[in-house]
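Below: the structure, in structure tokens.
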Amino acid sequence: MIADTLTNAGLYRGLGARIARALDLLGREDFRSMEPGKRDVDGTSLFYMVQTYSTKPREKGSWESHRKYIDVQYVVDGIERIGWAPLAGLSVTKPYSAETDAALYSGDGDFLLVQPGTFLILWPDDGHMPGIAVAEPVPVRKVVMKVLL
């Protein structure tokens with residue numbers, strides 16, 4: 001997992017052309033004015049979802065991972081905690097589904113405070129739990145880039 005601010009995105013361009021393109025889009029697009037929903041960039045190789053939701057208490061969250069796609073999660077507005085844990089320390093609660101490119105888990109991990117302008121790059125071995133409230137639930141606008149491995 002990588003966590004950083006968008007001002008440092010250039011440091012990660014060497015991770016691959018699709019990750020570089022995703023980070024470039026994050027720095028260029030006006031996500032505040034976009035309607036929520038999925039946007040195609042390069043077919044199944046790179047697409048993103050603009051999401052709006054209210055954060056939730058930790059006990060209502062679920063750990064997840066993906067095999068086909070790397071997540072680049074970027075908070076546009078609001079504040080949340082995102083959990084991170086190595087998959088080896090989590091227990092599968094819902095086996096991997098190729099249809100949803102997700103598996104679900106239970107267990108414990110660390111939680112990062114994610115504020116506007118912050119992005120996380122989450123690899124297939126990174127269990128993550130997004131959308132967790134800091135104190136009380138608050139509205140969040142987020143972009144999740146899906147980068148084909």
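The way I read the labels, and the way they are meant: chains A, B, ... in the order of the structure tokens, residue 1 as the first residue of every chain, and ligand 1 as the first ligand shown, with later ones counted on from there.
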key: Selection: 10 Å around Asp108 of chain A, only C-alpha atoms, excl. self and same-chain fewer than 3 positions, as a PyMOL selection string   = chain A and resi 63+83-86+89-91+105+111+127
ask   = Excluding same-chain residues fewer than 2 positions from Leu25 of chain A, what lies within 12 Å of it counting only C-alpha atoms, as an NGL selection string?
value = :A and (6 or 9 or 18-23 or 27-31 or 39-41 or 46-48 or 72 or 74 or 143-145)
query = Which one of A:Met1, A:Ala133, A:Val75, A:Ile70 sits closest to Val50 of chain A if you count only C-alpha atoms?
reply =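 The answer is A:Val75, which sits nearest to Val50 of chain A.
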key: Test item: residues at most 7 Å from Ala103 of chain A, only C-alpha atoms, excluding those fewer than 2 positions along its chain, as a list in words   =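 My reading of the contact set: Glu64, Ser65, His66, Lys94, Pro95, Tyr96, Ser97 and Tyr105 of chain A.
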Selection from above, C-alpha atoms, as a short mmCIF file (atom, residue, chain, number, x, y, z; two decimals), in the first residue's frame, can you write it?
```cif
data_model
loop_
_atom_site.label_atom_id
_atom_site.label_comp_id
_atom_site.auth_asym_id
_atom_site.auth_seq_id
_atom_site.Cartn_x
_atom_site.Cartn_y
_atom_site.Cartn_z
CA GLU A 64 -11.82 -6.50 1.04
CA SER A 65 -9.20 -7.24 -1.60
CA HIS A 66 -9.06 -7.47 -5.40
CA LYS A 94 -16.60 -14.45 1.40
CA PRO A 95 -14.37 -16.18 -1.17
CA TYR A 96 -13.08 -14.32 -4.19
CA SER A 97 -15.61 -13.67 -6.95
CA TYR A 105 -12.44 -10.82 5.20
#
```
query = Residues at most 7 Å from Ile82 of chain A, counting only C-alpha atoms, excluding those fewer than 3 positions away in the same chain, as an NGL selection string?
reply = :A and (111-114 or 128-132)
DSSP strand (DSSP E or B) selection over chain A, as a ChimeraX atom specification = /A:2-5,37-42,44,46-54,56,63-65,69-77,80-86,91-97,102-106,110-114,118-122,126-132,139-148
How would the residues just chosen look if you wrote them out with C-alpha atoms as a PDB file, in the first residue's frame?
```pdb
ATOM      1  CA  ILE A   2       1.092   3.522  -0.763  1.00  0.00           C
ATOM      2  CA  ALA A   3      -0.477   6.570   0.890  1.00  0.00           C
ATOM      3  CA  ASP A   4       0.507  10.082  -0.132  1.00  0.00           C
ATOM      4  CA  THR A   5      -0.845  13.445  -1.228  1.00  0.00           C
ATOM      5  CA  GLY A  37     -20.959   6.904 -11.438  1.00  0.00           C
ATOM      6  CA  LYS A  38     -18.517   4.910 -13.514  1.00  0.00           C
ATOM      7  CA  ARG A  39     -16.334   6.547 -16.190  1.00  0.00           C
ATOM      8  CA  ASP A  40     -14.410   4.674 -18.871  1.00  0.00           C
ATOM      9  CA  VAL A  41     -10.847   5.805 -19.601  1.00  0.00           C
ATOM     10  CA  ASP A  42      -9.314   2.852 -21.465  1.00  0.00           C
ATOM     11  CA  THR A  44     -11.241  -2.560 -18.880  1.00  0.00           C
ATOM     12  CA  LEU A  46      -8.434   1.760 -16.647  1.00  0.00           C
ATOM     13  CA  PHE A  47     -11.719   3.165 -15.423  1.00  0.00           C
ATOM     14  CA  TYR A  48     -12.941   5.025 -12.375  1.00  0.00           C
ATOM     15  CA  MET A  49     -15.953   5.545 -10.182  1.00  0.00           C
ATOM     16  CA  VAL A  50     -16.991   8.825  -8.601  1.00  0.00           C
ATOM     17  CA  GLN A  51     -18.628   7.918  -5.288  1.00  0.00           C
ATOM     18  CA  THR A  52     -20.555   9.865  -2.673  1.00  0.00           C
ATOM     19  CA  TYR A  53     -21.529   8.264   0.638  1.00  0.00           C
ATOM     20  CA  SER A  54     -21.583   8.745   4.389  1.00  0.00           C
ATOM     21  CA  LYS A  56     -19.819   4.339   8.772  1.00  0.00           C
ATOM     22  CA  TRP A  63     -12.147  -5.910   4.770  1.00  0.00           C
ATOM     23  CA  GLU A  64     -11.818  -6.502   1.038  1.00  0.00           C
ATOM     24  CA  SER A  65      -9.199  -7.236  -1.604  1.00  0.00           C
ATOM     25  CA  TYR A  69      -7.307  -4.515 -10.378  1.00  0.00           C
ATOM     26  CA  ILE A  70      -5.175  -2.176  -8.308  1.00  0.00           C
ATOM     27  CA  ASP A  71      -7.265   0.431  -6.483  1.00  0.00           C
ATOM     28  CA  VAL A  72      -6.163   4.047  -6.506  1.00  0.00           C
ATOM     29  CA  GLN A  73      -8.510   5.666  -3.992  1.00  0.00           C
ATOM     30  CA  TYR A  74      -8.603   9.465  -3.793  1.00  0.00           C
ATOM     31  CA  VAL A  75     -10.636  11.534  -1.327  1.00  0.00           C
ATOM     32  CA  VAL A  76     -12.028  14.670  -2.988  1.00  0.00           C
ATOM     33  CA  ASP A  77     -14.175  16.009  -0.105  1.00  0.00           C
ATOM     34  CA  GLU A  80     -12.525   9.062   6.488  1.00  0.00           C
ATOM     35  CA  ARG A  81     -10.397   6.306   7.872  1.00  0.00           C
ATOM     36  CA  ILE A  82      -9.282   3.520   5.574  1.00  0.00           C
ATOM     37  CA  GLY A  83      -8.089   0.294   7.106  1.00  0.00           C
ATOM     38  CA  TRP A  84      -5.106  -1.636   5.819  1.00  0.00           C
ATOM     39  CA  ALA A  85      -3.938  -5.154   6.670  1.00  0.00           C
ATOM     40  CA  PRO A  86      -1.836  -7.808   4.938  1.00  0.00           C
ATOM     41  CA  SER A  91      -9.716 -14.602   7.571  1.00  0.00           C
ATOM     42  CA  VAL A  92     -11.842 -15.083   4.446  1.00  0.00           C
ATOM     43  CA  THR A  93     -15.557 -14.514   5.069  1.00  0.00           C
ATOM     44  CA  LYS A  94     -16.602 -14.452   1.399  1.00  0.00           C
ATOM     45  CA  PRO A  95     -14.366 -16.182  -1.168  1.00  0.00           C
ATOM     46  CA  TYR A  96     -13.077 -14.325  -4.194  1.00  0.00           C
ATOM     47  CA  SER A  97     -15.609 -13.674  -6.953  1.00  0.00           C
ATOM     48  CA  ALA A 102     -13.484  -8.997  -4.633  1.00  0.00           C
ATOM     49  CA  ALA A 103     -13.085 -11.215  -1.604  1.00  0.00           C
ATOM     50  CA  LEU A 104     -14.212 -10.215   1.897  1.00  0.00           C
ATOM     51  CA  TYR A 105     -12.440 -10.817   5.196  1.00  0.00           C
ATOM     52  CA  SER A 106     -12.582 -10.366   8.959  1.00  0.00           C
ATOM     53  CA  ASP A 110      -4.295  -0.362  10.983  1.00  0.00           C
ATOM     54  CA  PHE A 111      -6.408   2.656  10.072  1.00  0.00           C
ATOM     55  CA  LEU A 112      -5.174   5.737   8.247  1.00  0.00           C
ATOM     56  CA  LEU A 113      -6.777   9.159   8.388  1.00  0.00           C
ATOM     57  CA  VAL A 114      -7.518  10.125   4.783  1.00  0.00           C
ATOM     58  CA  THR A 118      -4.811  12.135  -0.270  1.00  0.00           C
ATOM     59  CA  PHE A 119      -4.613   8.995  -2.398  1.00  0.00           C
ATOM     60  CA  LEU A 120      -3.920   5.352  -1.607  1.00  0.00           C
ATOM     61  CA  ILE A 121      -2.619   2.732  -4.027  1.00  0.00           C
ATOM     62  CA  LEU A 122      -3.834  -0.692  -2.927  1.00  0.00           C
ATOM     63  CA  ASP A 126      -3.530  -5.287   0.605  1.00  0.00           C
ATOM     64  CA  GLY A 127      -6.672  -5.935   2.592  1.00  0.00           C
ATOM     65  CA  HIS A 128      -8.494  -2.635   2.923  1.00  0.00           C
ATOM     66  CA  MET A 129     -11.584  -1.254   4.624  1.00  0.00           C
ATOM     67  CA  PRO A 130     -12.685   2.098   3.183  1.00  0.00           C
ATOM     68  CA  GLY A 131     -15.385   4.501   4.321  1.00  0.00           C
ATOM     69  CA  ILE A 132     -14.885   4.364   8.077  1.00  0.00           C
ATOM     70  CA  PRO A 139     -20.394  12.816   3.737  1.00  0.00           C
ATOM     71  CA  VAL A 140     -17.454  11.877   1.498  1.00  0.00           C
ATOM     72  CA  ARG A 141     -16.801  12.324  -2.202  1.00  0.00           C
ATOM     73  CA  LYS A 142     -14.191   9.903  -3.470  1.00  0.00           C
ATOM     74  CA  VAL A 143     -12.763   8.659  -6.748  1.00  0.00           C
ATOM     75  CA  VAL A 144     -11.706   5.028  -7.075  1.00  0.00           C
ATOM     76  CA  MET A 145      -9.490   4.359 -10.082  1.00  0.00           C
ATOM     77  CA  LYS A 146      -9.406   0.703 -11.156  1.00  0.00           C
ATOM     78  CA  VAL A 147      -6.073  -0.131 -12.804  1.00  0.00           C
ATOM     79  CA  LEU A 148      -5.761  -3.514 -14.523  1.00  0.00           C
TER      80      LEU A 148
END
```
Would you mind writing down, as a compact mmCIF listing (two decimals) with C-alpha atoms, in the first residue's frame, each residue of chain A that DSSP on the backbone assigns to alpha helix (DSSP H)?
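Now in out.txt:
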```
# COMPACT_ATOMS: atom_id res chain seq x y z
CA ALA A 17 1.88 3.57 -17.42
CA ARG A 18 -1.68 2.90 -16.20
CA ILE A 19 -0.94 4.01 -12.64
CA ALA A 20 0.77 7.13 -14.04
CA ARG A 21 -2.30 7.86 -16.17
CA ALA A 22 -4.64 7.34 -13.20
CA LEU A 23 -2.61 9.75 -11.08
CA ASP A 24 -2.52 12.28 -13.95
CA LEU A 25 -6.32 12.12 -14.19
CA LEU A 26 -6.64 12.71 -10.46
CA GLY A 27 -4.63 15.90 -10.83
CA ARG A 28 -6.47 17.12 -13.92
```
